[in-house]
file target-v4.txt (compact mmCIF, C-alpha atoms)
# COMPACT_ATOMS: atom_id res chain seq x y z
CA MET A 1 10.44 -23.98 8.24
CA SER A 2 9.44 -24.05 4.58
CA THR A 3 8.08 -20.84 3.04
CA PRO A 4 4.60 -21.18 1.47
CA PHE A 5 4.00 -19.26 -1.75
CA ILE A 6 0.86 -18.42 -3.73
CA ILE A 7 1.40 -19.70 -7.26
CA ASP A 8 -2.02 -18.87 -8.66
CA VAL A 9 -5.60 -18.22 -7.59
CA VAL A 10 -8.78 -18.22 -9.67
CA ARG A 11 -12.52 -17.86 -9.24
CA THR A 12 -15.65 -18.48 -11.19
CA PRO A 13 -17.91 -15.64 -12.23
CA MET A 14 -20.35 -14.78 -9.47
CA ALA A 15 -23.89 -15.94 -10.27
CA LYS A 16 -27.18 -15.10 -8.58
CA GLY A 17 -27.89 -17.75 -5.99
CA LYS A 18 -31.50 -18.39 -6.90
CA ALA A 19 -33.60 -20.05 -9.57
CA GLY A 20 -32.73 -18.48 -12.89
CA GLY A 21 -29.17 -17.65 -11.84
CA ALA A 22 -26.43 -18.55 -14.30
CA PHE A 23 -25.33 -21.61 -12.29
CA HIS A 24 -28.63 -22.82 -10.87
CA THR A 25 -28.54 -25.87 -13.18
CA VAL A 26 -24.90 -26.69 -12.37
CA HIS A 27 -24.21 -29.26 -9.65
CA PRO A 28 -21.72 -27.80 -7.09
CA VAL A 29 -19.32 -30.71 -7.73
CA GLU A 30 -19.25 -29.77 -11.41
CA LEU A 31 -18.78 -26.07 -10.59
CA LEU A 32 -15.78 -26.82 -8.39
CA ALA A 33 -14.39 -29.44 -10.77
CA GLN A 34 -14.21 -26.92 -13.61
CA THR A 35 -12.47 -24.48 -11.26
CA LEU A 36 -9.85 -27.09 -10.33
CA GLN A 37 -9.30 -27.98 -13.98
CA ALA A 38 -8.71 -24.34 -14.88
CA LEU A 39 -6.28 -23.83 -11.99
CA ILE A 40 -4.23 -26.87 -13.00
CA ALA A 41 -4.29 -25.90 -16.69
CA ARG A 42 -2.97 -22.41 -15.93
CA SER A 43 0.01 -23.79 -13.99
CA GLY A 44 0.71 -26.68 -16.34
CA ILE A 45 1.47 -29.07 -13.49
CA ASP A 46 0.57 -32.73 -13.19
CA PRO A 47 -2.44 -32.93 -10.79
CA GLY A 48 -0.89 -36.10 -9.38
CA GLU A 49 1.74 -33.86 -7.75
CA ILE A 50 -0.90 -32.34 -5.42
CA ASP A 51 -0.46 -33.48 -1.81
CA ASP A 52 -3.92 -32.45 -0.62
CA VAL A 53 -7.02 -30.47 -1.59
CA LEU A 54 -8.63 -28.38 1.20
CA MET A 55 -12.03 -26.99 0.33
CA GLY A 56 -14.33 -24.65 2.24
CA CYS A 57 -18.08 -25.26 2.17
CA VAL A 58 -20.68 -24.04 4.67
CA SER A 59 -23.94 -25.82 3.80
CA GLN A 60 -22.69 -29.39 3.77
CA GLY A 61 -26.00 -31.02 2.97
CA GLY A 62 -27.64 -32.49 -0.10
CA GLU A 63 -25.40 -32.13 -3.14
CA GLN A 64 -22.62 -30.65 -0.99
CA SER A 65 -22.66 -33.41 1.62
CA GLY A 66 -20.29 -36.01 0.15
CA ASN A 67 -16.89 -34.33 0.70
CA VAL A 68 -17.40 -31.94 -2.19
CA GLY A 69 -13.64 -31.43 -2.55
CA ARG A 70 -12.95 -35.13 -3.10
CA MET A 71 -15.85 -35.55 -5.52
CA ALA A 72 -14.78 -32.43 -7.45
CA LEU A 73 -11.17 -33.50 -7.87
CA LEU A 74 -12.31 -36.90 -9.16
CA ALA A 75 -14.74 -35.18 -11.53
CA ALA A 76 -11.84 -32.97 -12.64
CA GLY A 77 -9.85 -36.05 -13.63
CA PHE A 78 -7.26 -35.95 -10.85
CA PRO A 79 -5.58 -39.28 -10.03
CA VAL A 80 -7.41 -41.22 -7.33
CA HIS A 81 -4.47 -41.01 -4.90
CA VAL A 82 -5.03 -37.25 -4.40
CA PRO A 83 -7.01 -36.73 -1.14
CA ALA A 84 -9.33 -33.92 -0.10
CA THR A 85 -11.17 -32.63 2.91
CA VAL A 86 -13.84 -30.01 3.59
CA ILE A 87 -13.47 -27.16 6.09
CA GLU A 88 -16.31 -25.22 7.68
CA ARG A 89 -15.52 -21.97 9.45
CA LYS A 90 -18.68 -20.26 8.27
CA CYS A 91 -18.03 -17.39 5.83
CA GLY A 92 -14.28 -17.74 6.33
CA SER A 93 -14.17 -21.40 5.33
CA SER A 94 -11.97 -21.04 2.25
CA GLN A 95 -9.77 -18.40 3.89
CA GLN A 96 -9.21 -20.92 6.69
CA ALA A 97 -8.49 -23.56 4.05
CA VAL A 98 -5.73 -21.29 2.72
CA HIS A 99 -4.35 -20.86 6.25
CA PHE A 100 -4.28 -24.61 6.83
CA ALA A 101 -2.64 -25.20 3.44
CA ALA A 102 0.06 -22.59 4.03
CA GLN A 103 0.65 -23.82 7.57
CA GLY A 104 0.97 -27.37 6.24
CA ILE A 105 3.67 -26.26 3.82
CA ALA A 106 5.45 -24.30 6.55
CA ALA A 107 5.42 -27.40 8.77
CA GLY A 108 6.82 -29.58 6.00
CA ALA A 109 3.68 -31.69 5.63
CA TYR A 110 2.94 -30.46 2.09
CA ASP A 111 4.91 -29.32 -0.93
CA LEU A 112 2.02 -28.62 -3.29
CA VAL A 113 -1.56 -28.09 -2.14
CA ILE A 114 -4.82 -26.60 -3.39
CA ALA A 115 -7.10 -24.58 -1.11
CA GLY A 116 -10.42 -23.02 -2.01
CA GLY A 117 -14.14 -23.40 -1.67
CA VAL A 118 -17.56 -23.72 -3.27
CA GLU A 119 -21.13 -22.81 -2.45
CA SER A 120 -24.24 -23.31 -4.55
CA MET A 121 -26.78 -21.19 -2.73
CA SER A 122 -29.40 -21.70 -5.43
CA ARG A 123 -29.34 -25.50 -5.05
CA ILE A 124 -28.51 -25.82 -1.33
CA PRO A 125 -30.15 -22.85 0.44
CA MET A 126 -28.34 -21.18 3.32
CA GLY A 127 -29.28 -22.81 6.62
CA SER A 128 -30.76 -25.93 5.02
CA ALA A 129 -28.17 -28.20 6.67
CA ARG A 130 -29.73 -27.37 10.07
CA MET A 131 -32.92 -29.23 9.10
CA GLY A 132 -34.90 -26.85 11.29
CA MET A 133 -33.00 -27.81 14.44
CA ASP A 134 -31.64 -25.57 17.22
CA PRO A 135 -27.88 -25.28 16.57
CA TYR A 136 -27.04 -23.87 20.00
CA GLY A 137 -28.19 -26.15 22.79
CA PRO A 138 -29.50 -25.28 26.26
CA THR A 139 -26.23 -24.03 27.80
CA ILE A 140 -25.56 -21.49 25.06
CA ASN A 141 -29.18 -20.40 25.10
CA ALA A 142 -28.94 -19.88 28.87
CA ARG A 143 -25.61 -18.03 28.70
CA TYR A 144 -26.85 -15.60 26.05
CA ALA A 145 -30.50 -15.36 27.16
CA PRO A 146 -32.82 -14.22 25.75
CA GLY A 147 -30.84 -15.69 22.85
CA LEU A 148 -28.36 -15.08 20.09
CA VAL A 149 -29.67 -13.31 17.01
CA SER A 150 -29.42 -13.53 13.23
CA GLN A 151 -26.53 -11.92 11.40
CA GLY A 152 -28.89 -9.25 10.12
CA ILE A 153 -29.71 -8.15 13.66
CA SER A 154 -26.00 -8.22 14.48
CA ALA A 155 -25.38 -5.93 11.50
CA GLU A 156 -28.03 -3.56 12.91
CA LEU A 157 -26.37 -3.63 16.34
CA ILE A 158 -23.02 -2.75 14.74
CA ALA A 159 -24.59 0.18 12.90
CA ALA A 160 -26.07 1.42 16.18
CA LYS A 161 -22.79 1.04 18.12
CA TRP A 162 -20.69 2.89 15.53
CA ASN A 163 -23.40 5.46 14.64
CA ILE A 164 -23.57 4.30 11.03
CA THR A 165 -26.65 5.69 9.31
CA ARG A 166 -28.88 4.20 6.62
CA ASN A 167 -27.50 6.77 4.18
CA ASP A 168 -23.92 5.80 5.07
CA MET A 169 -24.70 2.18 4.24
CA ASP A 170 -26.62 2.93 1.06
CA GLU A 171 -23.89 5.26 -0.26
CA TYR A 172 -21.25 2.65 0.51
CA SER A 173 -23.29 -0.05 -1.23
CA ALA A 174 -23.83 2.03 -4.35
CA GLU A 175 -20.06 2.57 -4.48
CA SER A 176 -19.50 -1.18 -4.27
CA HIS A 177 -21.56 -1.64 -7.45
CA ARG A 178 -19.88 1.31 -9.17
CA LYS A 179 -16.36 0.06 -8.47
CA ALA A 180 -17.17 -3.51 -9.46
CA PHE A 181 -18.80 -2.36 -12.71
CA GLU A 182 -15.77 -0.21 -13.49
CA MET A 183 -13.47 -3.19 -12.96
CA GLN A 184 -15.67 -5.43 -15.08
CA ASN A 185 -15.76 -2.96 -17.96
CA SER A 186 -12.02 -2.25 -17.84
CA GLY A 187 -11.06 -5.94 -17.77
CA GLY A 188 -9.74 -5.68 -14.23
CA PHE A 189 -11.26 -9.05 -13.28
CA HIS A 190 -10.04 -10.83 -16.41
CA ASN A 191 -7.04 -12.60 -14.85
CA GLU A 192 -8.97 -13.96 -11.87
CA ILE A 193 -12.17 -15.22 -13.55
CA ILE A 194 -12.25 -18.57 -15.32
CA PRO A 195 -15.15 -19.39 -17.69
CA ILE A 196 -17.70 -21.98 -16.61
CA ARG A 197 -19.64 -24.26 -18.93
CA THR A 198 -23.34 -24.65 -18.24
CA GLY A 199 -26.09 -26.46 -20.07
CA SER A 200 -26.96 -23.25 -21.91
CA GLY A 201 -23.47 -21.95 -22.75
CA ILE A 202 -20.35 -20.37 -21.27
CA VAL A 203 -20.47 -17.90 -18.35
CA GLU A 204 -17.53 -15.48 -18.25
CA ARG A 205 -18.77 -12.40 -16.38
CA ASP A 206 -20.19 -11.68 -12.94
CA GLU A 207 -23.98 -11.38 -13.17
CA THR A 208 -24.49 -9.87 -9.71
CA ILE A 209 -23.23 -6.35 -10.48
CA ARG A 210 -26.02 -3.78 -10.89
CA PRO A 211 -24.74 -0.73 -12.79
CA GLY A 212 -26.69 2.41 -12.13
CA THR A 213 -27.33 1.57 -8.48
CA THR A 214 -27.56 4.76 -6.41
CA ALA A 215 -27.99 5.57 -2.76
CA GLU A 216 -31.33 7.13 -3.72
CA SER A 217 -32.63 3.93 -5.31
CA LEU A 218 -31.39 1.85 -2.38
CA SER A 219 -33.12 4.18 0.08
CA LEU A 220 -36.50 2.98 -1.25
CA LEU A 221 -35.95 -0.60 -0.06
CA HIS A 222 -37.64 -1.89 3.08
CA THR A 223 -35.60 -2.99 6.07
CA ALA A 224 -35.03 -6.74 6.12
CA PHE A 225 -34.86 -7.73 9.79
CA GLU A 226 -37.19 -5.42 11.66
CA SER A 227 -40.00 -6.96 13.72
CA SER A 228 -42.04 -5.90 16.73
CA ASP A 229 -40.24 -8.39 18.99
CA GLU A 230 -36.80 -7.18 17.88
CA ARG A 231 -37.84 -3.52 18.24
CA ASP A 232 -38.78 -4.20 21.86
CA ARG A 233 -35.56 -6.09 22.56
CA PHE A 234 -33.22 -3.60 20.86
CA PRO A 235 -34.60 -0.06 21.22
CA GLN A 236 -31.18 1.37 20.26
CA ILE A 237 -31.48 0.09 16.68
CA SER A 238 -32.68 2.54 14.01
CA TRP A 239 -33.38 -0.31 11.51
CA SER A 240 -31.32 0.37 8.40
CA VAL A 241 -30.19 -3.00 6.98
CA THR A 242 -31.82 -3.93 3.67
CA ALA A 243 -31.23 -6.42 0.89
CA GLY A 244 -29.52 -3.61 -1.01
CA ASN A 245 -26.86 -2.86 1.61
CA SER A 246 -26.18 -6.54 2.34
CA SER A 247 -24.23 -9.19 0.45
CA GLN A 248 -26.02 -11.14 -2.26
CA LEU A 249 -26.82 -14.86 -2.13
CA THR A 250 -24.51 -16.28 -4.77
CA ASP A 251 -23.25 -19.41 -6.50
CA GLY A 252 -19.50 -19.63 -7.03
CA ALA A 253 -16.21 -21.45 -6.52
CA SER A 254 -12.59 -20.41 -6.10
CA ALA A 255 -9.24 -22.18 -5.75
CA MET A 256 -5.61 -21.37 -4.97
CA LEU A 257 -2.43 -23.30 -5.76
CA LEU A 258 0.20 -23.06 -3.02
CA ALA A 259 3.74 -24.44 -3.15
CA SER A 260 6.83 -24.72 -1.02
CA GLU A 261 9.97 -23.00 -2.30
CA LYS A 262 11.44 -26.42 -3.07
CA ALA A 263 8.41 -27.49 -5.12
CA ALA A 264 8.22 -24.17 -6.96
CA LYS A 265 11.85 -24.46 -8.04
CA ARG A 266 11.53 -28.12 -9.01
CA LEU A 267 8.43 -27.52 -11.13
CA GLY A 268 9.49 -24.17 -12.57
CA LEU A 269 6.60 -22.30 -10.95
CA THR A 270 6.80 -18.52 -10.43
CA PRO A 271 5.27 -17.41 -7.10
CA ARG A 272 2.92 -14.44 -7.23
CA ALA A 273 2.88 -13.71 -3.49
CA ARG A 274 4.03 -14.87 -0.07
CA PHE A 275 2.24 -14.89 3.27
CA ALA A 276 3.33 -12.23 5.76
CA ALA A 277 1.02 -13.21 8.67
CA PHE A 278 -2.13 -15.09 9.65
CA ASP A 279 -4.65 -14.69 12.45
CA VAL A 280 -7.96 -16.11 13.55
CA ILE A 281 -9.87 -14.86 16.57
CA GLY A 282 -13.24 -14.88 18.29
CA ASP A 283 -15.32 -11.93 19.48
CA ASP A 284 -18.77 -11.18 20.96
CA PRO A 285 -21.21 -13.71 19.40
CA LEU A 286 -24.12 -11.30 19.80
CA LEU A 287 -22.45 -8.54 17.76
CA MET A 288 -21.05 -11.52 15.82
CA LEU A 289 -19.53 -9.61 12.88
CA THR A 290 -16.97 -7.43 14.69
CA ALA A 291 -14.11 -9.94 14.91
CA PRO A 292 -12.31 -8.52 11.81
CA ILE A 293 -11.34 -5.57 14.03
CA PRO A 294 -9.28 -7.52 16.63
CA ALA A 295 -8.13 -9.96 13.92
CA THR A 296 -6.70 -7.05 11.94
CA ARG A 297 -4.94 -5.63 14.98
CA ARG A 298 -3.35 -8.99 15.78
CA VAL A 299 -2.31 -9.83 12.23
CA LEU A 300 -0.67 -6.41 11.86
CA LYS A 301 1.23 -6.95 15.11
CA LYS A 302 2.36 -10.41 13.97
CA SER A 303 3.62 -9.01 10.67
CA GLY A 304 5.36 -5.97 12.15
CA LEU A 305 3.38 -3.72 9.80
CA ASP A 306 1.21 -0.68 10.46
CA ILE A 307 -2.23 -0.02 8.95
CA GLY A 308 -0.65 2.61 6.68
CA ASP A 309 1.71 0.01 5.19
CA ILE A 310 -1.19 -1.89 3.62
CA ASP A 311 -1.96 -1.00 0.01
CA HIS A 312 -5.18 -3.00 -0.41
CA PHE A 313 -7.78 -4.10 2.14
CA GLU A 314 -10.45 -6.73 1.50
CA VAL A 315 -12.98 -6.78 4.33
CA ASN A 316 -15.94 -8.89 3.34
CA GLU A 317 -19.09 -6.89 2.72
CA ALA A 318 -21.44 -9.29 4.50
CA PHE A 319 -23.36 -6.13 5.40
CA ALA A 320 -22.28 -2.54 4.72
CA SER A 321 -22.03 -1.81 8.44
CA VAL A 322 -19.21 -4.38 8.83
CA PRO A 323 -16.48 -2.75 6.69
CA LEU A 324 -17.69 0.72 7.71
CA ALA A 325 -17.29 -0.06 11.43
CA TRP A 326 -13.94 -1.76 10.72
CA ALA A 327 -12.64 1.32 8.88
CA ARG A 328 -13.82 3.73 11.57
CA GLU A 329 -12.33 1.69 14.40
CA LEU A 330 -8.96 1.23 12.67
CA ASP A 331 -8.82 4.63 10.93
CA ALA A 332 -8.14 2.90 7.62
CA ASP A 333 -7.83 4.68 4.28
CA MET A 334 -11.24 4.20 2.64
CA THR A 335 -9.74 4.46 -0.85
CA ARG A 336 -7.83 1.24 -0.17
CA LEU A 337 -10.86 -0.63 1.21
CA ASN A 338 -12.50 -3.04 -1.25
CA PRO A 339 -11.35 -0.83 -4.16
CA ARG A 340 -12.71 -3.28 -6.78
CA GLY A 341 -16.14 -3.65 -5.18
CA GLY A 342 -17.13 -6.27 -2.64
CA ALA A 343 -19.79 -8.82 -1.79
CA ILE A 344 -22.60 -6.26 -1.98
CA ALA A 345 -21.93 -6.08 -5.73
CA LEU A 346 -20.10 -9.33 -6.42
CA GLY A 347 -22.00 -11.61 -4.05
CA HIS A 348 -21.04 -13.91 -1.21
CA PRO A 349 -20.95 -17.65 -2.05
CA LEU A 350 -20.24 -18.55 1.57
CA GLY A 351 -17.65 -21.33 1.32
CA ALA A 352 -15.92 -19.78 -1.70
CA SER A 353 -15.67 -16.16 -0.58
CA GLY A 354 -12.32 -16.37 1.23
CA THR A 355 -10.34 -17.33 -1.84
CA ARG A 356 -12.55 -15.12 -4.04
CA LEU A 357 -11.42 -12.13 -2.01
CA MET A 358 -7.81 -13.33 -2.19
CA ALA A 359 -8.00 -13.58 -5.99
CA THR A 360 -9.41 -10.07 -6.22
CA MET A 361 -6.84 -8.66 -3.79
CA LEU A 362 -3.81 -10.27 -5.43
CA ASN A 363 -4.86 -9.11 -8.89
CA GLY A 364 -5.53 -5.65 -7.48
CA LEU A 365 -2.03 -5.47 -6.00
CA GLU A 366 -0.47 -6.60 -9.27
CA GLN A 367 -2.43 -4.18 -11.42
CA CYS A 368 -1.80 -1.19 -9.15
CA GLY A 369 1.77 -2.01 -8.10
CA GLY A 370 0.92 -2.40 -4.40
CA ARG A 371 3.04 -4.50 -2.06
CA TYR A 372 0.91 -5.62 0.89
CA GLY A 373 -2.71 -6.76 1.03
CA LEU A 374 -4.77 -7.49 4.15
CA GLN A 375 -7.93 -9.57 4.05
CA SER A 376 -10.41 -10.26 6.83
CA MET A 377 -13.73 -12.06 6.90
CA CYS A 378 -16.44 -11.89 9.57
CA GLU A 379 -17.86 -15.30 10.45
CA ALA A 380 -21.01 -16.53 12.17
CA GLY A 381 -20.59 -17.18 15.87
CA GLY A 382 -18.36 -14.13 16.28
CA MET A 383 -15.08 -15.13 14.60
CA ALA A 384 -12.77 -13.79 11.88
CA ASN A 385 -9.73 -14.81 9.91
CA ALA A 386 -7.15 -12.25 8.80
CA THR A 387 -4.35 -12.70 6.28
CA ILE A 388 -1.59 -10.43 5.04
CA ILE A 389 0.09 -11.24 1.74
CA GLU A 390 3.07 -9.62 0.05
CA ARG A 391 3.07 -9.38 -3.73
CA LEU A 392 6.27 -10.68 -5.30

call {"tool": "encode", "arguments": {"input": "target-v4.txt", "output": "structure tokens"}}
result
Amino acid sequence: MSTPFIIDVVRTPMAKGKAGGAFHTVHPVELLAQTLQALIARSGIDPGEIDDVLMGCVSQGGEQSGNVGRMALLAAGFPVHVPATVIERKCGSSQQAVHFAAQGIAAGAYDLVIAGGVESMSRIPMGSARMGMDPYGPTINARYAPGLVSQGISAELIAAKWNITRNDMDEYSAESHRKAFEMQNSGGFHNEIIPIRTGSGIVERDETIRPGTTAESLSLLHTAFESSDERDRFPQISWSVTAGNSSQLTDGASAMLLASEKAAKRLGLTPRARFAAFDVIGDDPLLMLTAPIPATRRVLKKSGLDIGDIDHFEVNEAFASVPLAWARELDADMTRLNPRGGAIALGHPLGASGTRLMATMLNGLEQCGGRYGLQSMCEAGGMANATIIERL
């Protein structure tokens, strides 16, 4: 079995996923193409050496409908013989792309592969690929009658189950902005962010971070998912989820270069990390966002590590209740959880978030001297990926 290594991983700045955001005039193919160009330039390799390009993307409609990975690599100037495919495992799409890439190297199918993702939420709104249709079908609707719910309601149900208060979520969210702003000001994100050209200039910094955010200011926001029907259906919910303690709609792309040991030696590439274990699992589709908990337990068991052995945790901040419930259930050290801020401050470009988190985690391990990092991502439908990497 060939050992897969992480050679490099980069991300774009995170831009507000709405009209007026830094990337709202940039076609998603162009956004991803510039990311691929930067990744290749940093390694100095010939792009013709790449065996495959695996890209995550959730809303595969409109401008993201034509195999965005293939179009982006062609736009980036890669030789035409390099193939690509697009992977959709909801918010974990690019993390799953990394798993498939590493597993392909381990199986001997690849020597050099790129995994990553892209999402332009300003140009292709979340949910637009459904075209207003029911995505479940009659059997699912019957099994989970009176019906599955939105992720926002699931986040409320998690808060109720783990007794997480509105103040808990608002304090956590304010900390996400504080930590991200601290990293931005200290240059902590410098090695992971690549500049992006737009029609109006160069974007080099995340625009989603709101310095000065406090729990008090967040407490003034209205709840986002409360309605009379949902109040009747879920009397246990105290209604605490707001736009301020949820992830931001965001435009962004990210990409990772992986290599076999043989390819790394042949091309003179220095690995930054190796993979210690992978997991993907399903959980209750009504609670929906709890699967990082069993995924973490299984990936730790596979690796032979304990929770205390992990120096850096990245648990996607889809909603503040998700990492808070995860930490309470697993008794994790909160100082190691999303220590550079998370999606509440940095945003959540759905298909790109998996490798965005990996870029942030690997740079965090390198800058702080940590050894092991564990990443997990809740996914619609009640699933989660989990990955443990070891810094080299």

call {"tool": "residues_around", "arguments": {"input": "target-v4.txt", "residues": "range 287-304 of chain A", "least_positions_apart": "5", "cutoff": "10 Å", "atoms": "only C-alpha atoms", "output": "VMD selection string"}}
result
chain A and resid 148 to 158 161 275 to 282 309 to 310 315 to 316 318 to 319 321 to 323 325 to 330 374 to 389

call {"tool": "write_last_selection", "arguments": {"input": "target-v4.txt", "atoms": "C-alpha atoms", "output": "short mmCIF file (atom, residue, chain, number, x, y, z; two decimals), in the frame of the given file"}}
result
data_model
loop_
_atom_site.label_atom_id
_atom_site.label_comp_id
_atom_site.auth_asym_id
_atom_site.auth_seq_id
_atom_site.Cartn_x
_atom_site.Cartn_y
_atom_site.Cartn_z
CA LEU A 148 -28.36 -15.08 20.09
CA VAL A 149 -29.67 -13.31 17.01
CA SER A 150 -29.42 -13.53 13.23
CA GLN A 151 -26.53 -11.92 11.40
CA GLY A 152 -28.89 -9.25 10.12
CA ILE A 153 -29.71 -8.15 13.66
CA SER A 154 -26.00 -8.22 14.48
CA ALA A 155 -25.38 -5.93 11.50
CA GLU A 156 -28.03 -3.56 12.91
CA LEU A 157 -26.37 -3.63 16.34
CA ILE A 158 -23.02 -2.75 14.74
CA LYS A 161 -22.79 1.04 18.12
CA PHE A 275 2.24 -14.89 3.27
CA ALA A 276 3.33 -12.23 5.76
CA ALA A 277 1.02 -13.21 8.67
CA PHE A 278 -2.13 -15.09 9.65
CA ASP A 279 -4.65 -14.69 12.45
CA VAL A 280 -7.96 -16.11 13.55
CA ILE A 281 -9.87 -14.86 16.57
CA GLY A 282 -13.24 -14.88 18.29
CA ASP A 309 1.71 0.01 5.19
CA ILE A 310 -1.19 -1.89 3.62
CA VAL A 315 -12.98 -6.78 4.33
CA ASN A 316 -15.94 -8.89 3.34
CA ALA A 318 -21.44 -9.29 4.50
CA PHE A 319 -23.36 -6.13 5.40
CA SER A 321 -22.03 -1.81 8.44
CA VAL A 322 -19.21 -4.38 8.83
CA PRO A 323 -16.48 -2.75 6.69
CA ALA A 325 -17.29 -0.06 11.43
CA TRP A 326 -13.94 -1.76 10.72
CA ALA A 327 -12.64 1.32 8.88
CA ARG A 328 -13.82 3.73 11.57
CA GLU A 329 -12.33 1.69 14.40
CA LEU A 330 -8.96 1.23 12.67
CA LEU A 374 -4.77 -7.49 4.15
CA GLN A 375 -7.93 -9.57 4.05
CA SER A 376 -10.41 -10.26 6.83
CA MET A 377 -13.73 -12.06 6.90
CA CYS A 378 -16.44 -11.89 9.57
CA GLU A 379 -17.86 -15.30 10.45
CA ALA A 380 -21.01 -16.53 12.17
CA GLY A 381 -20.59 -17.18 15.87
CA GLY A 382 -18.36 -14.13 16.28
CA MET A 383 -15.08 -15.13 14.60
CA ALA A 384 -12.77 -13.79 11.88
CA ASN A 385 -9.73 -14.81 9.91
CA ALA A 386 -7.15 -12.25 8.80
CA THR A 387 -4.35 -12.70 6.28
CA ILE A 388 -1.59 -10.43 5.04
CA ILE A 389 0.09 -11.24 1.74
#

call {"tool": "atom_distance", "arguments": {"input": "target-v4.txt", "atom1": "CA of Leu73 in chain A", "atom2": "CA of Thr250 in chain A"}}
result
22.0 Å

call {"tool": "residues_near_point", "arguments": {"input": "target-v4.txt", "point": "(0.2, -34.1, 2.6)", "cutoff": "10 Å", "atoms": "only C-alpha atoms", "output": "JSON list (two decimals) with C-alpha atoms, keeping the file's coordinate frame"}}
result
[["chain", "number", "residue", "atom", "x", "y", "z"],
["A", 50, "ILE", "CA", -0.90, -32.34, -5.42],
["A", 51, "ASP", "CA", -0.46, -33.48, -1.81],
["A", 52, "ASP", "CA", -3.92, -32.45, -0.62],
["A", 53, "VAL", "CA", -7.02, -30.47, -1.59],
["A", 82, "VAL", "CA", -5.03, -37.25, -4.40],
["A", 83, "PRO", "CA", -7.01, -36.73, -1.14],
["A", 84, "ALA", "CA", -9.33, -33.92, -0.10],
["A", 101, "ALA", "CA", -2.64, -25.20, 3.44],
["A", 104, "GLY", "CA", 0.97, -27.37, 6.24],
["A", 105, "ILE", "CA", 3.67, -26.26, 3.82],
["A", 108, "GLY", "CA", 6.82, -29.58, 6.00],
["A", 109, "ALA", "CA", 3.68, -31.69, 5.63],
["A", 110, "TYR", "CA", 2.94, -30.46, 2.09],
["A", 111, "ASP", "CA", 4.91, -29.32, -0.93],
["A", 112, "LEU", "CA", 2.02, -28.62, -3.29],
["A", 113, "VAL", "CA", -1.56, -28.09, -2.14]]

call {"tool": "closest_atom_pairs", "arguments": {"input": "target-v4.txt", "of": "range 62-85 of chain A", "to": "range 128-144 of chain A", "cutoff": "10 Å", "atoms": "all atoms listed in the file", "output": "CSV"}}
result
residue,atom,partner,partner_atom,distance
A:Gly62,CA,A:Ala129,CA,8.0
A:Gln64,CA,A:Ala129,CA,9.8
A:Ser65,CA,A:Ala129,CA,9.1

call {"tool": "residues_around", "arguments": {"input": "target-v4.txt", "residues": "Glu63 in chain A", "least_positions_apart": "5", "cutoff": "8 Å", "atoms": "all atoms listed in the file", "output": "JSON, numbers by chain"}}
result
{"A": [27, 28, 29, 123, 124]}

call {"tool": "atom_distance", "arguments": {"input": "target-v4.txt", "atom1": "CA of Ile196 in chain A", "atom2": "CA of Leu39 in chain A"}}
result
12.5 Å

call {"tool": "residues_around", "arguments": {"input": "target-v4.txt", "residues": "Ile344 in chain A", "least_positions_apart": "3", "cutoff": "12 Å", "atoms": "only C-alpha atoms", "output": "MDAnalysis selection string"}}
result
chainID A and resid 14 16 169:180 208:210 213 218 242:250 315:323 338 340:341 347:349

call {"tool": "closest_residue", "arguments": {"input": "target-v4.txt", "among": "A:Ser120, A:Thr12, A:Ser43, A:Ser217", "to": "Cys57 in chain A", "atoms": "all atoms listed in the file"}}
result
A:Ser120

call {"tool": "atom_distance", "arguments": {"input": "target-v4.txt", "atom1": "CA of Ile307 in chain A", "atom2": "CA of Ala107 in chain A"}}
result
28.4 Å

call {"tool": "closest_residue", "arguments": {"input": "target-v4.txt", "among": "A:Gly268, A:Ala159, A:Pro47, A:Gly252", "to": "Val203 in chain A", "atoms": "all atoms listed in the file"}}
result
A:Gly252

call {"tool": "residues_around", "arguments": {"input": "target-v4.txt", "residues": "Met361 in chain A", "least_positions_apart": "3", "cutoff": "7 Å", "atoms": "all atoms listed in the file", "output": "PyMOL selection string"}}
result
chain A and resi 312+314+357-358+364-365+373

call {"tool": "residues_near_point", "arguments": {"input": "target-v4.txt", "point": "(-11.8, -37.0, -9.8)", "cutoff": "12 Å", "atoms": "all atoms listed in the file", "output": "number ranges by chain"}}
result
A: 29-30, 32-34, 36-37, 47-48, 53, 67-84

call {"tool": "write_last_selection", "arguments": {"input": "target-v4.txt", "atoms": "C-alpha atoms", "output": "compact mmCIF listing (two decimals), keeping the file's coordinate frame"}}
result
# COMPACT_ATOMS: atom_id res chain seq x y z
CA VAL A 29 -19.32 -30.71 -7.73
CA GLU A 30 -19.25 -29.77 -11.41
CA LEU A 32 -15.78 -26.82 -8.39
CA ALA A 33 -14.39 -29.44 -10.77
CA GLN A 34 -14.21 -26.92 -13.61
CA LEU A 36 -9.85 -27.09 -10.33
CA GLN A 37 -9.30 -27.98 -13.98
CA PRO A 47 -2.44 -32.93 -10.79
CA GLY A 48 -0.89 -36.10 -9.38
CA VAL A 53 -7.02 -30.47 -1.59
CA ASN A 67 -16.89 -34.33 0.70
CA VAL A 68 -17.40 -31.94 -2.19
CA GLY A 69 -13.64 -31.43 -2.55
CA ARG A 70 -12.95 -35.13 -3.10
CA MET A 71 -15.85 -35.55 -5.52
CA ALA A 72 -14.78 -32.43 -7.45
CA LEU A 73 -11.17 -33.50 -7.87
CA LEU A 74 -12.31 -36.90 -9.16
CA ALA A 75 -14.74 -35.18 -11.53
CA ALA A 76 -11.84 -32.97 -12.64
CA GLY A 77 -9.85 -36.05 -13.63
CA PHE A 78 -7.26 -35.95 -10.85
CA PRO A 79 -5.58 -39.28 -10.03
CA VAL A 80 -7.41 -41.22 -7.33
CA HIS A 81 -4.47 -41.01 -4.90
CA VAL A 82 -5.03 -37.25 -4.40
CA PRO A 83 -7.01 -36.73 -1.14
CA ALA A 84 -9.33 -33.92 -0.10
